[in-house]
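**Student:** Supplied structure: coords-v2.cif, mmCIF, C-alpha atoms.
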data_run
loop_
_atom_site.group_PDB
_atom_site.id
_atom_site.type_symbol
_atom_site.label_atom_id
_atom_site.label_comp_id
_atom_site.auth_asym_id
_atom_site.auth_seq_id
_atom_site.Cartn_x
_atom_site.Cartn_y
_atom_site.Cartn_z
ATOM 1 C CA MET T 278 9.315 15.784 20.910
ATOM 2 C CA ALA T 279 6.157 16.790 22.760
ATOM 3 C CA GLN T 280 4.066 14.783 20.296
ATOM 4 C CA ALA T 281 6.067 11.569 20.653
ATOM 5 C CA ALA T 282 3.968 10.136 23.457
ATOM 6 C CA PRO T 283 0.567 10.656 21.736
ATOM 7 C CA MET T 284 1.895 9.142 18.525
ATOM 8 C CA ALA T 285 3.292 6.119 20.349
ATOM 9 C CA GLN T 286 -0.033 5.637 22.088
ATOM 10 C CA ALA T 287 -1.941 5.944 18.825
ATOM 11 C CA SER T 288 0.241 3.318 17.165
ATOM 12 C CA MET T 289 -0.928 0.769 19.740
ATOM 13 C CA VAL T 290 -4.584 1.131 18.753
ATOM 14 C CA ASP T 291 -5.991 -2.013 17.164
ATOM 15 C CA SER T 292 -6.642 -0.221 13.895
ATOM 16 C CA GLU T 293 -8.628 -1.602 11.000
ATOM 17 C CA PHE T 294 -6.552 0.561 8.684
ATOM 18 C CA ASP T 295 -3.312 -1.027 9.923
ATOM 19 C CA ARG T 296 -4.709 -4.552 9.685
ATOM 20 C CA ASP T 297 -6.108 -4.017 6.198
ATOM 21 C CA THR T 298 -2.935 -2.404 4.849
ATOM 22 C CA SER T 299 -0.609 -4.995 6.366
ATOM 23 C CA VAL T 300 1.840 -6.860 4.132
ATOM 24 C CA THR T 301 3.675 -10.125 4.742
ATOM 25 C CA LEU T 302 7.194 -10.674 3.473
ATOM 26 C CA ARG T 303 7.292 -13.742 1.251
ATOM 27 C CA GLU T 304 10.856 -13.362 0.016
ATOM 28 C CA PRO T 305 13.212 -10.391 -0.375
ATOM 29 C CA GLY T 306 11.324 -7.628 -2.158
ATOM 30 C CA VAL T 307 8.060 -9.602 -2.459
ATOM 31 C CA TYR T 308 5.071 -9.099 -0.152
ATOM 32 C CA ASP T 309 1.678 -10.743 0.105
ATOM 33 C CA ALA T 310 -1.332 -8.508 0.784
ATOM 34 C CA HIS T 311 -5.096 -8.813 0.886
ATOM 35 C CA LEU T 312 -7.240 -6.019 -0.527
ATOM 36 C CA SER T 313 -10.142 -5.694 1.874
ATOM 37 C CA GLU T 314 -13.661 -5.273 0.515
ATOM 38 C CA GLY T 315 -14.129 -2.774 3.324
ATOM 39 C CA TRP T 316 -12.137 -0.162 1.385
ATOM 40 C CA ALA T 317 -13.993 -0.592 -1.905
ATOM 41 C CA ILE T 318 -16.364 1.866 -3.553
ATOM 42 C CA LEU T 319 -18.824 -0.270 -5.485
ATOM 43 C CA SER T 320 -16.563 -3.025 -6.868
ATOM 44 C CA ALA T 321 -13.278 -1.077 -7.154
ATOM 45 C CA VAL T 322 -10.807 -0.653 -4.301
ATOM 46 C CA ASN T 323 -10.024 2.953 -3.332
ATOM 47 C CA GLY T 324 -6.786 4.297 -4.822
ATOM 48 C CA GLY T 325 -5.574 5.928 -1.604
ATOM 49 C CA TYR T 326 -5.978 2.649 0.263
ATOM 50 C CA LEU T 327 -3.893 0.912 -2.429
ATOM 51 C CA LEU T 328 -1.273 3.636 -2.087
ATOM 52 C CA ALA T 329 -1.068 2.975 1.661
ATOM 53 C CA ILE T 330 -0.452 -0.751 1.056
ATOM 54 C CA LEU T 331 2.312 -0.015 -1.434
ATOM 55 C CA GLY T 332 3.683 2.629 0.917
ATOM 56 C CA ARG T 333 3.822 0.122 3.779
ATOM 57 C CA ALA T 334 5.704 -2.415 1.647
ATOM 58 C CA LEU T 335 8.216 0.242 0.569
ATOM 59 C CA ARG T 336 8.683 1.366 4.160
ATOM 60 C CA ASP T 337 9.686 -2.188 5.008
ATOM 61 C CA ALA T 338 11.924 -2.548 1.954
ATOM 62 C CA LEU T 339 13.804 0.766 2.232
ATOM 63 C CA PRO T 340 16.173 1.952 5.004
ATOM 64 C CA HIS T 341 14.259 5.187 5.725
ATOM 65 C CA PRO T 342 10.846 5.163 7.440
ATOM 66 C CA ASP T 343 8.697 7.899 5.917
ATOM 67 C CA PRO T 344 7.307 8.577 2.439
ATOM 68 C CA PHE T 345 8.372 11.990 1.157
ATOM 69 C CA THR T 346 6.976 11.724 -2.365
ATOM 70 C CA VAL T 347 4.976 8.906 -3.931
ATOM 71 C CA THR T 348 3.879 8.845 -7.561
ATOM 72 C CA ALA T 349 1.410 6.160 -8.597
ATOM 73 C CA HIS T 350 0.066 5.177 -11.991
ATOM 74 C CA TYR T 351 -3.191 3.214 -11.834
ATOM 75 C CA LEU T 352 -3.141 0.717 -14.683
ATOM 76 C CA THR T 353 -6.233 -1.443 -14.090
ATOM 77 C CA PRO T 354 -9.000 -1.382 -11.442
ATOM 78 C CA SER T 355 -8.111 -3.377 -8.323
ATOM 79 C CA GLN T 356 -10.587 -5.857 -6.866
ATOM 80 C CA PRO T 357 -10.975 -7.109 -3.288
ATOM 81 C CA GLY T 358 -8.898 -10.225 -2.699
ATOM 82 C CA PRO T 359 -5.295 -11.452 -2.675
ATOM 83 C CA ALA T 360 -2.529 -9.293 -4.117
ATOM 84 C CA VAL T 361 1.242 -9.367 -4.459
ATOM 85 C CA VAL T 362 3.528 -6.326 -4.055
ATOM 86 C CA ARG T 363 6.985 -6.431 -5.609
ATOM 87 C CA THR T 364 9.476 -3.779 -4.509
ATOM 88 C CA GLU T 365 12.908 -2.687 -5.668
ATOM 89 C CA ALA T 366 15.398 -0.284 -4.102
ATOM 90 C CA VAL T 367 16.527 2.002 -6.915
ATOM 91 C CA ARG T 368 18.975 4.144 -4.964
ATOM 92 C CA THR T 369 19.850 4.392 -1.291
ATOM 93 C CA GLY T 370 21.408 7.523 0.153
ATOM 94 C CA ARG T 371 22.156 8.890 3.598
ATOM 95 C CA THR T 372 18.981 10.967 3.842
ATOM 96 C CA LEU T 373 16.816 9.704 0.979
ATOM 97 C CA ALA T 374 16.118 6.326 -0.570
ATOM 98 C CA THR T 375 14.282 5.854 -3.852
ATOM 99 C CA GLY T 376 12.289 2.715 -4.523
ATOM 100 C CA GLN T 377 9.665 1.377 -6.861
ATOM 101 C CA ALA T 378 6.824 -1.023 -6.249
ATOM 102 C CA SER T 379 4.035 -2.677 -8.224
ATOM 103 C CA LEU T 380 0.848 -4.313 -7.040
ATOM 104 C CA PHE T 381 -0.367 -7.388 -8.934
ATOM 105 C CA GLN T 382 -3.485 -9.534 -8.855
ATOM 106 C CA TYR T 383 -4.485 -12.692 -10.696
ATOM 107 C CA GLU T 384 -7.388 -13.019 -13.096
ATOM 108 C CA ALA T 385 -9.701 -16.047 -12.986
ATOM 109 C CA ASP T 386 -7.604 -17.791 -15.650
ATOM 110 C CA GLY T 387 -4.428 -17.339 -13.612
ATOM 111 C CA THR T 388 -3.054 -14.429 -15.634
ATOM 112 C CA GLU T 389 -1.075 -11.979 -13.515
ATOM 113 C CA VAL T 390 -2.167 -8.360 -14.013
ATOM 114 C CA GLU T 391 -0.354 -5.266 -12.781
ATOM 115 C CA ARG T 392 -2.787 -2.911 -11.053
ATOM 116 C CA VAL T 393 -0.629 -0.042 -9.749
ATOM 117 C CA ARG T 394 2.989 1.027 -10.265
ATOM 118 C CA VAL T 395 4.729 3.406 -7.843
ATOM 119 C CA LEU T 396 7.994 5.346 -7.705
ATOM 120 C CA ALA T 397 8.735 6.846 -4.293
ATOM 121 C CA ALA T 398 11.368 8.627 -2.196
ATOM 122 C CA TYR T 399 11.613 7.893 1.544
ATOM 123 C CA GLY T 400 13.401 9.757 4.309
ATOM 124 C CA ALA T 401 12.953 10.623 7.990
ATOM 125 C CA LEU T 402 10.380 13.351 8.644
ATOM 126 C CA ASP T 403 11.540 13.817 12.232
ATOM 127 C CA SER T 404 14.998 14.843 10.992
ATOM 128 C CA LEU T 405 13.712 17.751 8.902
ATOM 129 C CA SER T 406 14.224 21.398 9.833
ATOM 130 C CA ASP T 407 11.407 23.237 11.622
ATOM 131 C CA ASP T 408 11.895 26.251 9.324
ATOM 132 C CA VAL T 409 8.601 26.893 7.504
ATOM 133 C CA ARG T 410 8.089 29.746 5.020
ATOM 134 C CA THR T 411 4.759 29.514 3.272
ATOM 135 C CA SER T 412 1.967 31.597 1.826
ATOM 136 C CA ALA T 413 -0.445 28.653 2.090
ATOM 137 C CA LYS T 414 -3.241 28.964 4.610
ATOM 138 C CA PRO T 415 -5.592 26.288 5.974
ATOM 139 C CA PRO T 416 -9.195 26.394 4.760
ATOM 140 C CA THR T 417 -11.758 28.092 6.956
ATOM 141 C CA LEU T 418 -14.296 25.432 7.926
ATOM 142 C CA PRO T 419 -17.334 25.313 10.162
ATOM 143 C CA PRO T 420 -16.832 23.005 13.152
ATOM 144 C CA PRO T 421 -17.446 19.321 12.328
ATOM 145 C CA GLU T 422 -20.857 19.338 14.003
ATOM 146 C CA ARG T 423 -22.014 21.998 11.514
ATOM 147 C CA CYS T 424 -20.686 20.116 8.493
ATOM 148 C CA LEU T 425 -22.426 17.401 6.515
ATOM 149 C CA GLY T 426 -21.732 13.683 6.732
ATOM 150 C CA THR T 427 -23.249 10.763 4.873
ATOM 151 C CA GLU T 428 -25.981 10.558 7.517
ATOM 152 C CA ASP T 429 -27.116 14.125 6.770
ATOM 153 C CA GLY T 430 -28.315 13.660 3.204
ATOM 154 C CA PRO T 431 -27.426 12.029 -0.101
ATOM 155 C CA ALA T 432 -24.225 10.074 0.446
ATOM 156 C CA ALA T 433 -20.979 10.921 -1.307
ATOM 157 C CA PHE T 434 -20.479 7.193 -1.704
ATOM 158 C CA PRO T 435 -23.081 4.439 -2.230
ATOM 159 C CA ASP T 436 -24.752 3.127 0.918
ATOM 160 C CA ASP T 437 -23.279 -0.325 0.314
ATOM 161 C CA SER T 438 -19.764 1.098 0.081
ATOM 162 C CA GLY T 439 -17.523 -0.279 2.800
ATOM 163 C CA PHE T 440 -15.280 2.740 2.344
ATOM 164 C CA ALA T 441 -17.960 5.117 3.639
ATOM 165 C CA ARG T 442 -18.092 3.189 6.919
ATOM 166 C CA ARG T 443 -14.333 3.332 7.504
ATOM 167 C CA VAL T 444 -13.772 7.058 7.171
ATOM 168 C CA VAL T 445 -15.453 10.072 8.723
ATOM 169 C CA ILE T 446 -15.819 12.883 6.192
ATOM 170 C CA LYS T 447 -17.653 16.056 7.181
ATOM 171 C CA LEU T 448 -18.126 18.407 4.244
ATOM 172 C CA ASP T 449 -18.395 22.172 4.414
ATOM 173 C CA PRO T 450 -22.024 22.822 3.388
ATOM 174 C CA GLU T 451 -20.809 25.501 0.951
ATOM 175 C CA THR T 452 -19.101 22.783 -1.116
ATOM 176 C CA ALA T 453 -21.763 20.087 -0.782
ATOM 177 C CA GLY T 454 -24.517 21.578 -2.958
ATOM 178 C CA TRP T 455 -23.960 18.867 -5.569
ATOM 179 C CA ALA T 456 -25.491 16.356 -3.129
ATOM 180 C CA VAL T 457 -28.875 18.079 -3.533
ATOM 181 C CA GLY T 458 -28.577 18.876 -7.226
ATOM 182 C CA ALA T 459 -27.051 22.331 -6.824
ATOM 183 C CA PRO T 460 -23.315 22.163 -7.605
ATOM 184 C CA SER T 461 -21.503 25.489 -7.341
ATOM 185 C CA GLY T 462 -19.520 25.008 -10.545
ATOM 186 C CA LYS T 463 -16.309 26.086 -8.786
ATOM 187 C CA GLY T 464 -14.778 22.611 -8.608
ATOM 188 C CA GLU T 465 -14.105 22.765 -4.857
ATOM 189 C CA VAL T 466 -14.655 20.317 -2.016
ATOM 190 C CA ARG T 467 -13.439 20.874 1.530
ATOM 191 C CA GLY T 468 -14.078 19.382 4.927
ATOM 192 C CA TRP T 469 -12.857 17.343 7.890
ATOM 193 C CA PHE T 470 -11.336 13.858 7.685
ATOM 194 C CA SER T 471 -10.562 11.117 10.190
ATOM 195 C CA LEU T 472 -10.572 7.343 10.329
ATOM 196 C CA ALA T 473 -13.758 5.869 11.760
ATOM 197 C CA ASP T 474 -11.925 3.567 14.191
ATOM 198 C CA GLY T 475 -10.240 6.521 15.908
ATOM 199 C CA ARG T 476 -6.723 5.826 14.631
ATOM 200 C CA GLU T 477 -4.656 9.004 14.644
ATOM 201 C CA PRO T 478 -3.156 10.226 11.355
ATOM 202 C CA ASP T 479 0.406 9.401 10.346
ATOM 203 C CA PRO T 480 2.411 9.567 7.099
ATOM 204 C CA LEU T 481 0.974 6.286 5.790
ATOM 205 C CA SER T 482 -2.642 7.223 6.470
ATOM 206 C CA LEU T 483 -2.053 10.550 4.692
ATOM 207 C CA LEU T 484 -1.605 8.499 1.503
ATOM 208 C CA LEU T 485 -5.241 7.452 1.983
ATOM 209 C CA THR T 486 -6.461 10.912 2.991
ATOM 210 C CA VAL T 487 -5.444 12.610 -0.260
ATOM 211 C CA ASP T 488 -7.747 10.309 -2.256
ATOM 212 C CA ALA T 489 -10.639 9.990 0.169
ATOM 213 C CA PHE T 490 -12.930 12.928 -0.641
ATOM 214 C CA PRO T 491 -15.747 13.024 -3.217
ATOM 215 C CA PRO T 492 -14.456 14.045 -6.660
ATOM 216 C CA THR T 493 -14.480 17.756 -7.445
ATOM 217 C CA ALA T 494 -16.221 16.767 -10.685
ATOM 218 C CA PHE T 495 -19.374 16.471 -8.563
ATOM 219 C CA ASP T 496 -19.157 20.205 -7.809
ATOM 220 C CA LEU T 497 -18.894 20.786 -11.564
ATOM 221 C CA GLY T 498 -22.216 18.994 -12.062
ATOM 222 C CA LEU T 499 -20.667 15.726 -13.342
ATOM 223 C CA MET T 500 -21.750 12.677 -11.360
ATOM 224 C CA GLY T 501 -20.272 9.237 -11.782
ATOM 225 C CA TRP T 502 -17.085 7.231 -11.532
ATOM 226 C CA THR T 503 -13.942 9.384 -11.714
ATOM 227 C CA PRO T 504 -11.035 6.922 -12.061
ATOM 228 C CA THR T 505 -7.546 8.105 -11.167
ATOM 229 C CA VAL T 506 -4.902 7.857 -13.884
ATOM 230 C CA GLU T 507 -1.933 9.228 -11.926
ATOM 231 C CA LEU T 508 -1.523 10.482 -8.358
ATOM 232 C CA THR T 509 1.526 12.211 -6.869
ATOM 233 C CA THR T 510 1.601 12.819 -3.119
ATOM 234 C CA HIS T 511 4.064 14.872 -1.076
ATOM 235 C CA ILE T 512 4.196 14.209 2.666
ATOM 236 C CA ARG T 513 5.515 17.419 4.237
ATOM 237 C CA SER T 514 5.335 16.737 7.968
ATOM 238 C CA ARG T 515 4.234 14.186 10.538
ATOM 239 C CA PRO T 516 0.646 15.169 11.403
ATOM 240 C CA ALA T 517 -0.402 16.056 14.926
ATOM 241 C CA PRO T 518 -3.197 13.983 16.496
ATOM 242 C CA GLY T 519 -6.757 14.966 15.675
ATOM 243 C CA PRO T 520 -8.972 15.454 12.639
ATOM 244 C CA LEU T 521 -7.496 16.738 9.399
ATOM 245 C CA ARG T 522 -8.775 19.561 7.215
ATOM 246 C CA VAL T 523 -8.784 18.801 3.495
ATOM 247 C CA PHE T 524 -9.197 21.206 0.583
ATOM 248 C CA VAL T 525 -9.625 19.783 -2.939
ATOM 249 C CA THR T 526 -9.745 21.956 -6.064
ATOM 250 C CA THR T 527 -9.925 21.563 -9.818
ATOM 251 C CA ARG T 528 -9.002 24.416 -12.158
ATOM 252 C CA ASN T 529 -9.132 22.698 -15.524
ATOM 253 C CA LEU T 530 -11.332 20.033 -17.071
ATOM 254 C CA ALA T 531 -10.528 19.446 -20.737
ATOM 255 C CA GLY T 532 -10.568 16.556 -23.170
ATOM 256 C CA GLY T 533 -12.397 14.353 -20.704
ATOM 257 C CA TYR T 534 -9.745 14.671 -17.956
ATOM 258 C CA LEU T 535 -9.367 16.886 -14.891
ATOM 259 C CA GLU T 536 -6.709 17.509 -12.264
ATOM 260 C CA GLU T 537 -7.369 17.535 -8.538
ATOM 261 C CA ASP T 538 -5.089 19.428 -6.151
ATOM 262 C CA VAL T 539 -5.328 18.468 -2.485
ATOM 263 C CA ASP T 540 -3.975 20.219 0.618
ATOM 264 C CA VAL T 541 -4.162 18.469 3.999
ATOM 265 C CA TRP T 542 -3.778 20.409 7.261
ATOM 266 C CA ASP T 543 -3.433 19.113 10.817
ATOM 267 C CA THR T 544 -4.738 20.523 14.103
ATOM 268 C CA THR T 545 -1.675 22.776 14.488
ATOM 269 C CA ASP T 546 -2.440 24.550 11.170
ATOM 270 C CA ARG T 547 0.506 22.839 9.516
ATOM 271 C CA LEU T 548 0.344 21.753 5.884
ATOM 272 C CA VAL T 549 1.189 18.051 6.236
ATOM 273 C CA ALA T 550 0.414 16.667 2.761
ATOM 274 C CA GLN T 551 -0.160 17.861 -0.784
ATOM 275 C CA SER T 552 -1.157 15.931 -3.874
ATOM 276 C CA ARG T 553 -2.108 16.306 -7.505
ATOM 277 C CA GLN T 554 -3.871 13.694 -9.564
ATOM 278 C CA LEU T 555 -5.081 13.361 -13.113
ATOM 279 C CA ALA T 556 -8.463 11.670 -13.375
ATOM 280 C CA ARG T 557 -10.901 10.803 -16.098
ATOM 281 C CA ALA T 558 -14.036 12.931 -15.914
ATOM 282 C CA PRO T 559 -17.285 11.050 -15.279
ATOM 283 C CA ARG T 560 -19.130 9.960 -18.382
ATOM 284 C CA ALA T 561 -22.486 10.248 -16.637
ATOM 285 C CA VAL T 562 -23.772 13.825 -16.536
ATOM 286 C CA ARG T 563 -26.474 15.206 -14.278
ATOM 287 C CA ALA T 564 -27.750 18.627 -15.220
ATOM 288 C CA PRO T 565 -27.552 21.009 -12.260
ATOM 289 C CA GLU T 566 -30.888 21.859 -10.689
ATOM 290 C CA GLY T 567 -31.950 25.165 -9.276
ATOM 291 C CA ARG T 568 -29.270 27.233 -10.983
#
If you convert what's in this file into structure tokens, what do you get?
**Tutor:**
Amino acid sequence: MAQAAPMAQASMVDSEFDRDTSVTLREPGVYDAHLSEGWAILSAVNGGYLLAILGRALRDALPHPDPFTVTAHYLTPSQPGPAVVRTEAVRTGRTLATGQASLFQYEADGTEVERVRVLAAYGALDSLSDDVRTSAKPPTLPPPERCLGTEDGPAAFPDDSGFARRVVIKLDPETAGWAVGAPSGKGEVRGWFSLADGREPDPLSLLLTVDAFPPTAFDLGLMGWTPTVELTTHIRSRPAPGPLRVFVTTRNLAGGYLEEDVDVWDTTDRLVAQSRQLARAPRAVRAPEGR
């Protein structure tokens, strides 16, 4: 209850994230959206941003307010511009509701193409028990001022990427060697995350956070586009205000695909989100230097 006032205050911020993930009800179960170029990396829209749009539509369509688990399959790359989200309530219960949603866009010839399909369960995070029993521990990070941002060296995202201007990512220098041609080979990336406009984190923005960091493939010496095939996110708790700590790992790259496991921690050392995704490994390879 002590955090209710800060969260209410944060929700009143004129947030670019909230504007750009907004959806408009057209008819029952159908929402109009606009995919902002500001959340694109090169020409493709970021998958976490898409997940937040779908998550917002499902929050409106289902009787419970918070995403508990969201599984997304990315079928075709999304482009900036108009989109349609179609939702369906699969099952509604007293504490959980299950729904599905798909995001569609239109090709130049008018053909409708499905971009993302989601199956999700929603509940009320504030109704959950405070009992926590975990062996998980937050990553040890240098303070943000001693971590590396895009202004400190080679950018994690292209300079013309709108996405890089809408998030603040500060990487632990120990996991940023790939930026200077010296990947560690461990498949780890960790650092601090916040939205550039100062909006405080909430369950919807956590859907963006889990897909915001540079791919762990970079730390394996593989540079290039790493498209997500499937992404499952678990929202475990409403995050406290302040920057988030994010730890991304890969244990197995085989057959041209790798998994990424993500843990997200808030300022109270609480694990607030977890995710796993399967992604295609980059086809472009840069040989590590200085190893």
**Student:** Would you write out, as a PDB file with C-alpha atoms, keeping the file's coordinate frame, every residue that the PyMOL selection byres ((chain T and resi 379) around 9) captures in this file?
**Tutor:**
ATOM      1  CA  LEU T 331       2.312  -0.015  -1.434  1.00  0.00           C
ATOM      2  CA  VAL T 361       1.242  -9.367  -4.459  1.00  0.00           C
ATOM      3  CA  VAL T 362       3.528  -6.326  -4.055  1.00  0.00           C
ATOM      4  CA  ARG T 363       6.985  -6.431  -5.609  1.00  0.00           C
ATOM      5  CA  THR T 364       9.476  -3.779  -4.509  1.00  0.00           C
ATOM      6  CA  GLN T 377       9.665   1.377  -6.861  1.00  0.00           C
ATOM      7  CA  ALA T 378       6.824  -1.023  -6.249  1.00  0.00           C
ATOM      8  CA  LEU T 380       0.848  -4.313  -7.040  1.00  0.00           C
ATOM      9  CA  PHE T 381      -0.367  -7.388  -8.934  1.00  0.00           C
ATOM     10  CA  GLU T 391      -0.354  -5.266 -12.781  1.00  0.00           C
ATOM     11  CA  ARG T 392      -2.787  -2.911 -11.053  1.00  0.00           C
ATOM     12  CA  VAL T 393      -0.629  -0.042  -9.749  1.00  0.00           C
ATOM     13  CA  ARG T 394       2.989   1.027 -10.265  1.00  0.00           C
ATOM     14  CA  VAL T 395       4.729   3.406  -7.843  1.00  0.00           C
ATOM     15  CA  LEU T 396       7.994   5.346  -7.705  1.00  0.00           C
TER      16      LEU T 396
END
**Student:** From the set T:Gly426, T:Pro419, T:Pro450, T:Gly533, which residue has the shortest atom-to-atom contact distance to Arg560 in chain T, counting all atoms listed in the file?
**Tutor:** T:Gly533
**Student:** Residues of range 370-426 of chain T within 9 Å of range 516-526 of chain T: nearest atom pair and distance (Å, one decimal) for each, counting all atoms listed in the file, sorted by chain and number, as a tab-separated table?
**Tutor:**
residue	atom	partner	partner_atom	distance
T:Pro415	CA	T:Arg522	CA	7.5
T:Pro416	CA	T:Phe524	CA	6.7
T:Leu418	CA	T:Arg522	CA	8.1
**Student:** Just give me the residues with any atom within 9 Å of (9.7, 12.9, 12.3), file coordinates, counting all atoms listed in the file, written as a list in words.
**Tutor:** Asp343, Ala401, Leu402, Asp403, Ser404, Leu405, Ser514 and Arg515 of chain T
**Student:** Please provide the set of residues having any atom within 10 Å of Leu508 in chain T, restricted to all atoms listed in the file, with same-chain residues fewer than 2 positions apart removed, written as a PyMOL selection string.
**Tutor:** chain T and resi 324-325+328+347-351+395+487-488+505-506+510+536-538+552-556
**Student:** Determine, counting all atoms listed in the file, which protein, DNA and RNA residues have an atom within 6 Å of an atom of Lys447 in chain T; residues of the same chain fewer than 4 positions away are not included. Present the result as a PyMOL selection string.
**Tutor:** chain T and resi 424-426+468-469
**Student:** Identify which of the residues T:Ser461, T:Ser299, T:Thr353, T:Thr427 lies closest to Arg336 in chain T, counting all atoms listed in the file when measuring atom-to-atom distances.
**Tutor:**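 The closest residue to Arg336 in chain T is T:Ser299.
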**Student:** Go through the shown structure with the PyMOL selection byres ((chain T and resi 491-496) around 9) and write out the matching residues as a short mmCIF file (atom, residue, chain, number, x, y, z; two decimals) with C-alpha atoms, in the coordinates of the input.
**Tutor:**
data_model
loop_
_atom_site.label_atom_id
_atom_site.label_comp_id
_atom_site.auth_asym_id
_atom_site.auth_seq_id
_atom_site.Cartn_x
_atom_site.Cartn_y
_atom_site.Cartn_z
CA ALA T 433 -20.98 10.92 -1.31
CA PHE T 434 -20.48 7.19 -1.70
CA THR T 452 -19.10 22.78 -1.12
CA ALA T 453 -21.76 20.09 -0.78
CA GLY T 454 -24.52 21.58 -2.96
CA TRP T 455 -23.96 18.87 -5.57
CA ALA T 456 -25.49 16.36 -3.13
CA ALA T 459 -27.05 22.33 -6.82
CA PRO T 460 -23.32 22.16 -7.60
CA SER T 461 -21.50 25.49 -7.34
CA GLY T 462 -19.52 25.01 -10.54
CA LYS T 463 -16.31 26.09 -8.79
CA GLY T 464 -14.78 22.61 -8.61
CA GLU T 465 -14.10 22.76 -4.86
CA VAL T 466 -14.66 20.32 -2.02
CA ASP T 488 -7.75 10.31 -2.26
CA ALA T 489 -10.64 9.99 0.17
CA PHE T 490 -12.93 12.93 -0.64
CA LEU T 497 -18.89 20.79 -11.56
CA GLY T 498 -22.22 18.99 -12.06
CA LEU T 499 -20.67 15.73 -13.34
CA MET T 500 -21.75 12.68 -11.36
CA GLY T 501 -20.27 9.24 -11.78
CA TRP T 502 -17.08 7.23 -11.53
CA THR T 503 -13.94 9.38 -11.71
CA VAL T 525 -9.62 19.78 -2.94
CA THR T 526 -9.74 21.96 -6.06
CA THR T 527 -9.93 21.56 -9.82
CA LEU T 530 -11.33 20.03 -17.07
CA LEU T 535 -9.37 16.89 -14.89
CA GLU T 537 -7.37 17.54 -8.54
CA ALA T 558 -14.04 12.93 -15.91
CA PRO T 559 -17.28 11.05 -15.28
#
**Student:** CA of Ala398 in chain T and CA of His511 in chain T, how far apart in Å?
**Tutor:**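 Separating CA of His511 in chain T from CA of Ala398 in chain T is a distance of 9.7 Å.
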**Student:** Work out where the centre of an axis-aligned box around every listed atom of range 464-473 of chain T lies and how long its edges are once 3 Å is added on each side; give both in Å to one decimal as lines of an AutoDock Vina configuration file.
**Tutor:**
center_x = -12.7
center_y = 14.3
center_z = 1.6
size_x = 10.2
size_y = 22.9
size_z = 26.4
